[in-house]
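Take a look at the structure set out below.
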Amino acid sequence: MSERSEAPYGAWASPITAETVISAAVGLSEVRVDRQDAGAVWWSESRPEEGGRVQIVREGADVLPEGFAARTRVHEYGGGAWTAHAGIVYFANWADQRLYRLDPGSSEPVAITPEPEVPMGDRYADVDVAADGTWLVCVREHHPVGDGEAVNELVRIPTDGSAEPVVLVTGPDFVSSPRLSHDAKQLAWLQWNHPNMPWDETELCLGATTLFGRDLVLGEVIAGGSGESIFQPTWSPGGTLHYVSDRTGWWNVYRRRGADQPVVAVEGEIGTPQWVFGMSRYAFLVDGTVVAACRRNGRDELLGYDVPFTSIDSVVGDGRRIVFVGASPTQESAIIRFDPATGEHELLREPRDLGLDPSCISVPEAIEFPTEPGPDGEVRTAHALYYPPTNPEASAPAGERPPLLVLSHGGPTAATRPMLSLGTQFWTSRGFAVVDVDYGGSTGYGREYRDRLQGAWGIVDVQDCVAAAQFLADRGDVDPERLCIRGGSAGGYTTLQALSTTDVFAAGASHYGVADLSALARDTHKFESRYLDGLVGPWPEAEAVYRERSPIEHTDGLSSPMIILQGSEDEVVPPNQADLMVAALDAKGLPYAYVLFEGEQHGFRKAENIVRALESELSFYAQVFGFTPAGDVTPVEVHNLP
C-alpha cells in the first residue's frame with residue numbers, strides 16, 4: 001500500500017467522483033417471471049445516463065425501442081408500470097401514460113387504451129393478465145377535465161385493445177394490487193380511503209370476475225380495516241389466497257382458509273410501505289412453500305436461508321427457484337436467482353464493475369442510541385447505520401475529527417437501505433462521516449415504532465436525528481462543531497425543521513424539502529393529500545399545529561448555512577416551497593446556495609443533474625468549513641458568505 005497522504009477531513013482525494021456515482025448506474029426493480037415464456041426473467045432498469053428512462057429488460061436484453069419508457073404517474077410515485085405474459089409485455093408509457101402492448105419480435109408497441117380527453121389524464125398501473133391472455137385487469141387513475149379530484153378504479157381491458165376499458169371496482173379513494181386467481185374467476189384487491197395511507201389501514205377484498213353475466217361490481221371485504229394494514233395479496237400454486245397483515249404488530253404472511261392462519265410468523269417485517277405499486281416480498285415454490293424476505297434489526301434476510309444480501313426486494317419465483325433484487329453493504333443491486341434446494345445463487349444481472357479497492361468502501365455499523373422519552377416518560381431508543389470515513393490513501397491531521405452528515409430519509413414512512421450506495425461512499429471516501437437514521441416512524445421495526453410519528457412529524461424525527469449526532473459526538477467519532485444534516489423530500493422537511501428549531505447543526509442541505517406544511521396540505525397530489533392528517537393533524541382544523549411545525553414559521557431560529565436543491569416541475573413538493581426558504585435565508589443574511597434543476601420532478605433522475613447536485617453540495621460544505629475539495633469540482637455560488 002502506498003503511503004497515505006495527509007489532508008483535512010472532507011478534502012481527501014477520492015476515486016469516487018460524482019461522475020462515478022452515475023456512470024453506468026442503473027436502478028434495478030420490478031422483477032417478473034413469465035411462466036408462459038419458459039420461466040423467462042424480466043426486470044426494470046432506471047438509467048440516469050438516459051435521462052432517467054425506465055427500460056424493461058428480458059434475460060439481459062433491452063425490450064423497449066427508443067422513444068418509450070415504462071413508467072407510470074399513478075399516485076405520482078408510480079411502480080407496477082408493466083408486466084409480461086407469454087412473451088408479450090404490457091406497459092404504461094411515460095410520455096402519454098397510455099397502456100401499450102409489445103409482441104415478441106416486434107419493435108413497434110401498440111396502444112391498447114384510448115387517448116384520454118386530458119393529456120396524460122388516464123394513467124395505468126399494477127397490471128395482471130388473465131391466464132388465457134385475452135384480457136387484463138389494472139389500476140386506472142382518471143384525471144377529469146377541470147380541478148376535480150382524480151378517480152382511482154380497477155378496470156378490465158382486452159389485451160388486443162379492441163374495446164374501451166370497463167370499470168370493475170370504483171368507489172374507494174384508492175385501489176391497488178388486483179390479483180386474478182389461476183382460473184381468472186376470482187379477483188382479489190386492496191382498497192383504502194382518506195385519510196389512511198396504505199401502511200395505516202387497508203382492506204383486502206375478494207369478488208367474482210363475473211356476477212350474473214356482468215362484470216364484477218361488488219366484492220367482499222375479507223381482511224383488514226380497523227387499523228390493520230394488508231400488503232401483497234397473492235395466489236398460491238394450489239389456488240389459495242395469501243396476504244401480508246400487521247395485525248400482530250408485525251407484517252407477516254397469512255393464508256386465507258377458514259380462520260386465516262399465519263404461514264410465516266416472526267417479529268420482523270415481511271411487508272413494506274406501499275409507496276409504489278407492484279412490490280413483492282414473498283413467493284411460492286411449486287409445493288406451496290413460502291419464501292419471504294424479512295427485515296429485522298435494520299437489514300433484510302431471506303427467512304430460513306443463508307444468503308449474502310442485506311437488502312432484498314421484488315421477490316418472485318418460477319416454482320423451483322426464487323428471483324429477487326439483492327444488495328449488500330459492499331455490493332450494489334443485482335438480479336439474483338436463488339435455488340432453495342441447493343442454497344446456491346447466480347447473478348442474472350451483475351452489479352456494475354466499480355473498479356474500486358474494497359478497502360475504500362465504508363461498511364456501516366448498525367447502532368442503537370437513546371433518544372427523547374415517549375409520552376409515557378419511558379426512555380426510547382432509535383436506530384441508524386453509521387458509516388465512518390474510509391480511504392486507504394488518505395489520513396487526517398492528528399487530533400482532527402471528521403464532519404458528520406446526518407441523513408434523514410424520505411417518506412417519512414420509509415427506511416434506510418443496508419446496501420452499497422456510491423452516493424454515500426462519495427462522502428465517506430472524502431473524509432466525511434455519515435449516519436443514516438431510521439428515526440421513529442421508519443419501517444422495519446414493527447407497527448409500534450412506525451406509529452411513533454403519528455401526530456409527531458417534525459418532532460420525533462428531529463429528536464432522533466439530533467440524538468444520533470450527539471451520540472456519535474459523545475462517543476468521539478465526529479467533530480461536534482461540524483455536525484450537518486441533509487435529506488430529500490420528507491427528509492428535507494426534517495432537515496429544515498432541525499435547522500430552524502435546534503442549534504445542533506452547523507450546516508444543512510435540503511433536497512426538494514417541505515418548508516410550509518400548510519402549503520403542502522393545500523397543494524399536493526391525491527395520494528398524499530391527507531397523509532398529514534395522521535402525521536400532523538386534520539387539515540384545516542389543526543391549522544395552528546401546521547404553522548407551529550412549519551420551518552418557514554421559525555426562520556427566526558435559523559442560524560446555520562444551508563444549500564437548497566429543487567426540481568422545477570416537482571408536483572409533490574412544488575418549487576414555491578424552496579423559494580420561501582431561500583427568501584428567509586437571504587433576509588437573515590445567512591450563507592446559502594440555491595440550485596434549481598429545470599425539467600426535474602420529485603427527485604433527480606438526469607445524470608447531469610445528479611452530478612451537479614453532489615458537486616454543489618460538496619462545494620457548499622467546503623466553502624462553509626474552509627477546506628478545498630480534491631479534484632475538479634464545479635463550485636456553487638454561496639450567497640452572504642463572509
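Chain labels follow the order of the C-alpha cells: the first chain is A, the next B, and so on; residue numbering restarts at 1 in every chain, and ligands are counted from 1 in their shown order.
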
Set the distance at 9 Å and use only C-alpha atoms: which residues neighbour Val624 of chain A once local chain neighbours fewer than 6 positions away are removed? I'd like the list as a PyMOL selection string. chain A and resi 507+561+591+638+641

Selection from above, N, CA, C and O atoms, as a compact mmCIF listing (two decimals), in the first residue's frame, can you write it?
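What follows is the written file out.txt:
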```
# COMPACT_ATOMS: atom_id res chain seq x y z
N ALA A 507 -24.56 23.18 9.55
CA ALA A 507 -24.95 23.41 8.15
C ALA A 507 -25.95 22.34 7.76
O ALA A 507 -26.13 21.33 8.46
N PRO A 561 -25.74 27.95 7.85
CA PRO A 561 -25.75 27.97 6.39
C PRO A 561 -26.53 26.79 5.82
O PRO A 561 -26.62 25.73 6.45
N PRO A 591 -25.50 32.54 5.04
CA PRO A 591 -24.94 31.94 3.82
C PRO A 591 -25.88 30.86 3.27
O PRO A 591 -26.38 30.02 4.02
N VAL A 638 -22.23 30.62 -3.23
CA VAL A 638 -22.78 30.72 -1.88
C VAL A 638 -23.00 32.19 -1.56
O VAL A 638 -22.04 32.97 -1.50
N LEU A 641 -21.79 34.78 2.05
CA LEU A 641 -20.64 34.15 2.70
C LEU A 641 -19.69 35.25 3.19
O LEU A 641 -19.33 36.14 2.41
```

Pick out the residues sitting within 10 Å of Thr20 of chain A, and hand them over as a ChimeraX atom specification; count only C-alpha atoms, and ignore anything fewer than 5 positions along from it in its own chain. /A:15,25,354,422-423,426,611

DSSP on the backbone: which residues in segment 349-598 of chain A end up as helix (DSSP H, G or I)? Give the answer as a count of residues only. 87

Nearest residue to Ala18 of chain A from the set A:Ile610, A:Ala509, A:Ala519, A:Val253 (distances using only C-alpha atoms):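 Among A:Ile610, A:Ala509, A:Ala519, A:Val253, it is A:Ile610 that comes nearest to Ala18 of chain A.
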
Looking at only C-alpha atoms, which of A:Val41, A:Ile157, A:Val462, A:Leu241 is the one that sits closest to Asp260 of chain A?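 With only C-alpha atoms as the atom set, the closest residue is A:Leu241.
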
Test item, strand (DSSP E) assignment across segment 305-488 of chain A, answer as a ChimeraX atom specification: /A:311-317,322-328,331-339,344-349,365-371,380-387,394-395,404-408,433-438,483-488

Give me the residues within 12 Å of segment 285-289 of chain A as JSON, numbers by chain, counting only C-alpha atoms and dropping any in the same chain fewer than 2 places off. {"A": [234, 235, 236, 237, 238, 239, 240, 241, 242, 253, 255, 263, 264, 282, 283, 291, 292, 303, 304, 315, 316, 317, 318, 319, 320, 321, 322, 323, 338, 339, 340, 341]}

Output of the above residues as a compact mmCIF listing (two decimals), in the first residue's frame, restricted to N, CA and C atoms:
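File produced: selection_20.txt:
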```
# COMPACT_ATOMS: atom_id res chain seq x y z
N THR A 234 -51.60 -12.61 -2.88
CA THR A 234 -51.00 -13.48 -3.90
C THR A 234 -51.65 -14.86 -3.82
N TRP A 235 -51.91 -15.44 -4.98
CA TRP A 235 -52.49 -16.79 -5.02
C TRP A 235 -51.37 -17.83 -5.05
N SER A 236 -51.50 -18.86 -4.22
CA SER A 236 -50.51 -19.93 -4.18
C SER A 236 -50.69 -20.85 -5.39
N PRO A 237 -49.71 -21.74 -5.65
CA PRO A 237 -49.88 -22.70 -6.76
C PRO A 237 -51.13 -23.54 -6.64
N GLY A 238 -51.56 -23.79 -5.40
CA GLY A 238 -52.77 -24.58 -5.19
C GLY A 238 -54.05 -23.77 -5.24
N GLY A 239 -53.95 -22.47 -5.47
CA GLY A 239 -55.15 -21.65 -5.60
C GLY A 239 -55.65 -21.03 -4.32
N THR A 240 -54.82 -21.00 -3.27
CA THR A 240 -55.21 -20.39 -2.00
C THR A 240 -54.67 -18.96 -1.92
N LEU A 241 -55.52 -18.05 -1.53
CA LEU A 241 -55.12 -16.65 -1.42
C LEU A 241 -54.28 -16.44 -0.17
N HIS A 242 -53.13 -15.80 -0.33
CA HIS A 242 -52.26 -15.41 0.77
C HIS A 242 -52.15 -13.88 0.79
N VAL A 253 -47.05 -13.15 6.91
CA VAL A 253 -47.84 -13.77 5.84
C VAL A 253 -48.95 -14.63 6.44
N ARG A 255 -52.62 -17.09 5.38
CA ARG A 255 -53.29 -17.89 4.36
C ARG A 255 -54.80 -17.77 4.56
N VAL A 263 -48.83 -18.04 8.10
CA VAL A 263 -47.94 -19.00 7.45
C VAL A 263 -46.51 -18.74 7.87
N VAL A 264 -46.17 -17.48 7.96
CA VAL A 264 -44.87 -17.06 8.46
C VAL A 264 -45.13 -16.07 9.58
N TYR A 282 -42.62 -11.84 -1.00
CA TYR A 282 -42.60 -13.29 -0.82
C TYR A 282 -43.06 -13.95 -2.11
N ALA A 283 -42.70 -15.23 -2.24
CA ALA A 283 -43.07 -16.01 -3.42
C ALA A 283 -43.22 -17.46 -3.00
N VAL A 291 -41.42 -18.51 0.49
CA VAL A 291 -40.07 -17.97 0.70
C VAL A 291 -40.20 -16.46 0.79
N ALA A 292 -39.79 -15.90 1.92
CA ALA A 292 -40.08 -14.49 2.18
C ALA A 292 -38.84 -13.72 2.58
N LEU A 303 -35.83 -15.55 4.85
CA LEU A 303 -36.12 -16.38 6.02
C LEU A 303 -35.84 -17.86 5.75
N GLY A 304 -35.03 -18.43 6.62
CA GLY A 304 -34.71 -19.85 6.53
C GLY A 304 -33.53 -20.19 5.64
N VAL A 315 -39.33 -9.92 -4.70
CA VAL A 315 -39.17 -11.37 -4.60
C VAL A 315 -40.25 -12.07 -5.43
N VAL A 316 -39.82 -12.86 -6.42
CA VAL A 316 -40.74 -13.64 -7.26
C VAL A 316 -40.16 -15.05 -7.41
N GLY A 317 -40.92 -15.94 -8.04
CA GLY A 317 -40.44 -17.30 -8.19
C GLY A 317 -40.94 -17.97 -9.44
N ASP A 318 -40.23 -19.02 -9.86
CA ASP A 318 -40.67 -19.82 -11.01
C ASP A 318 -41.17 -21.19 -10.58
N GLY A 319 -41.37 -21.37 -9.28
CA GLY A 319 -41.83 -22.65 -8.74
C GLY A 319 -40.71 -23.45 -8.12
N ARG A 320 -39.51 -23.35 -8.69
CA ARG A 320 -38.35 -24.07 -8.15
C ARG A 320 -37.31 -23.13 -7.58
N ARG A 321 -37.19 -21.96 -8.19
CA ARG A 321 -36.18 -21.00 -7.75
C ARG A 321 -36.83 -19.65 -7.44
N ILE A 322 -36.12 -18.86 -6.65
CA ILE A 322 -36.58 -17.54 -6.25
C ILE A 322 -35.69 -16.50 -6.92
N VAL A 323 -36.29 -15.46 -7.46
CA VAL A 323 -35.54 -14.38 -8.10
C VAL A 323 -35.85 -13.09 -7.36
N PHE A 338 -32.00 -17.62 -6.91
CA PHE A 338 -31.60 -18.44 -5.78
C PHE A 338 -32.32 -19.78 -5.81
N ASP A 339 -31.57 -20.85 -5.59
CA ASP A 339 -32.13 -22.20 -5.56
C ASP A 339 -32.23 -22.65 -4.11
N PRO A 340 -33.44 -22.69 -3.53
CA PRO A 340 -33.57 -23.09 -2.13
C PRO A 340 -33.10 -24.52 -1.87
N ALA A 341 -33.16 -25.37 -2.88
CA ALA A 341 -32.77 -26.77 -2.67
C ALA A 341 -31.27 -26.92 -2.46
```

Between atom CA of Glu203 of chain A and atom CA of Gly219 of chain A, what is the spacing in Å? 11.0 Å

Quick one: residues within 10 Å of Ala163 of chain A, only C-alpha atoms, excluding same-chain residues fewer than 4 positions away - as a compact mmCIF listing (two decimals) with N, CA and C atoms, in the first residue's frame?
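Everything below was put into part_33.txt:
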```txt
# COMPACT_ATOMS: atom_id res chain seq x y z
N ILE A 112 -53.18 0.09 -26.35
CA ILE A 112 -54.41 -0.69 -26.16
C ILE A 112 -55.42 0.06 -25.30
N THR A 113 -55.11 1.30 -24.93
CA THR A 113 -56.08 2.15 -24.24
C THR A 113 -56.27 3.42 -25.06
N PRO A 114 -57.45 4.02 -24.98
CA PRO A 114 -57.75 5.18 -25.84
C PRO A 114 -57.01 6.43 -25.39
N ARG A 156 -61.03 -3.44 -16.47
CA ARG A 156 -60.78 -4.63 -17.28
C ARG A 156 -60.56 -4.18 -18.72
N ILE A 157 -59.51 -4.67 -19.37
CA ILE A 157 -59.14 -4.22 -20.71
C ILE A 157 -58.81 -5.43 -21.57
N PRO A 158 -59.36 -5.53 -22.77
CA PRO A 158 -58.93 -6.61 -23.67
C PRO A 158 -57.50 -6.36 -24.11
N THR A 159 -56.70 -7.41 -24.14
CA THR A 159 -55.27 -7.24 -24.42
C THR A 159 -54.97 -6.85 -25.85
```

Write out as a PyMOL selection string each polymer residue whose atoms come within 7 Å of segment 470-485 of chain A, counting only C-alpha atoms; drop sequence neighbours fewer than 6 positions from it. chain A and resi 369+401-407+495+505-509

Between A:Pro373, A:Gly161, A:Gly249, A:Gly567, which residue has the minimum interatomic distance to Phe597 of chain A, considering only C-alpha atoms?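 The shortest atom-to-atom distance to Phe597 of chain A comes from A:Gly567.
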
Nearby residues (only C-alpha atoms) at most 6 Å from Leu204 of chain A, same-chain spacing under 5 positions excluded, as an MDAnalysis selection string: chainID A and resid 189:190 221:224

Next, dump the selected residues to file, keeping only C-alpha atoms, as a short mmCIF file (atom, residue, chain, number, x, y, z; two decimals), in the first residue's frame.
```
data_model
loop_
_atom_site.label_atom_id
_atom_site.label_comp_id
_atom_site.auth_asym_id
_atom_site.auth_seq_id
_atom_site.Cartn_x
_atom_site.Cartn_y
_atom_site.Cartn_z
CA TRP A 189 -57.51 -6.48 -4.46
CA LEU A 190 -56.67 -3.88 -1.82
CA VAL A 221 -64.01 -7.38 2.49
CA ILE A 222 -62.27 -10.46 3.85
CA ALA A 223 -59.45 -8.94 5.92
CA GLY A 224 -58.05 -5.63 7.10
#
```

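Interatomic distance, atom CA of Asp132 of chain A to atom CA of Gly105 of chain A: 20.3 Å.
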
Counting only C-alpha atoms, which of A:Pro418, A:Gly492, A:Phe277, A:Glu448 gets nearest to Ile312 of chain A? A:Pro418

Using only C-alpha atoms: which of A:Ser162, A:Ser395, A:Ser29, A:Ser229 has the shortest distance to Phe432 of chain A: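 With only C-alpha atoms as the atom set, the closest residue is A:Ser395.
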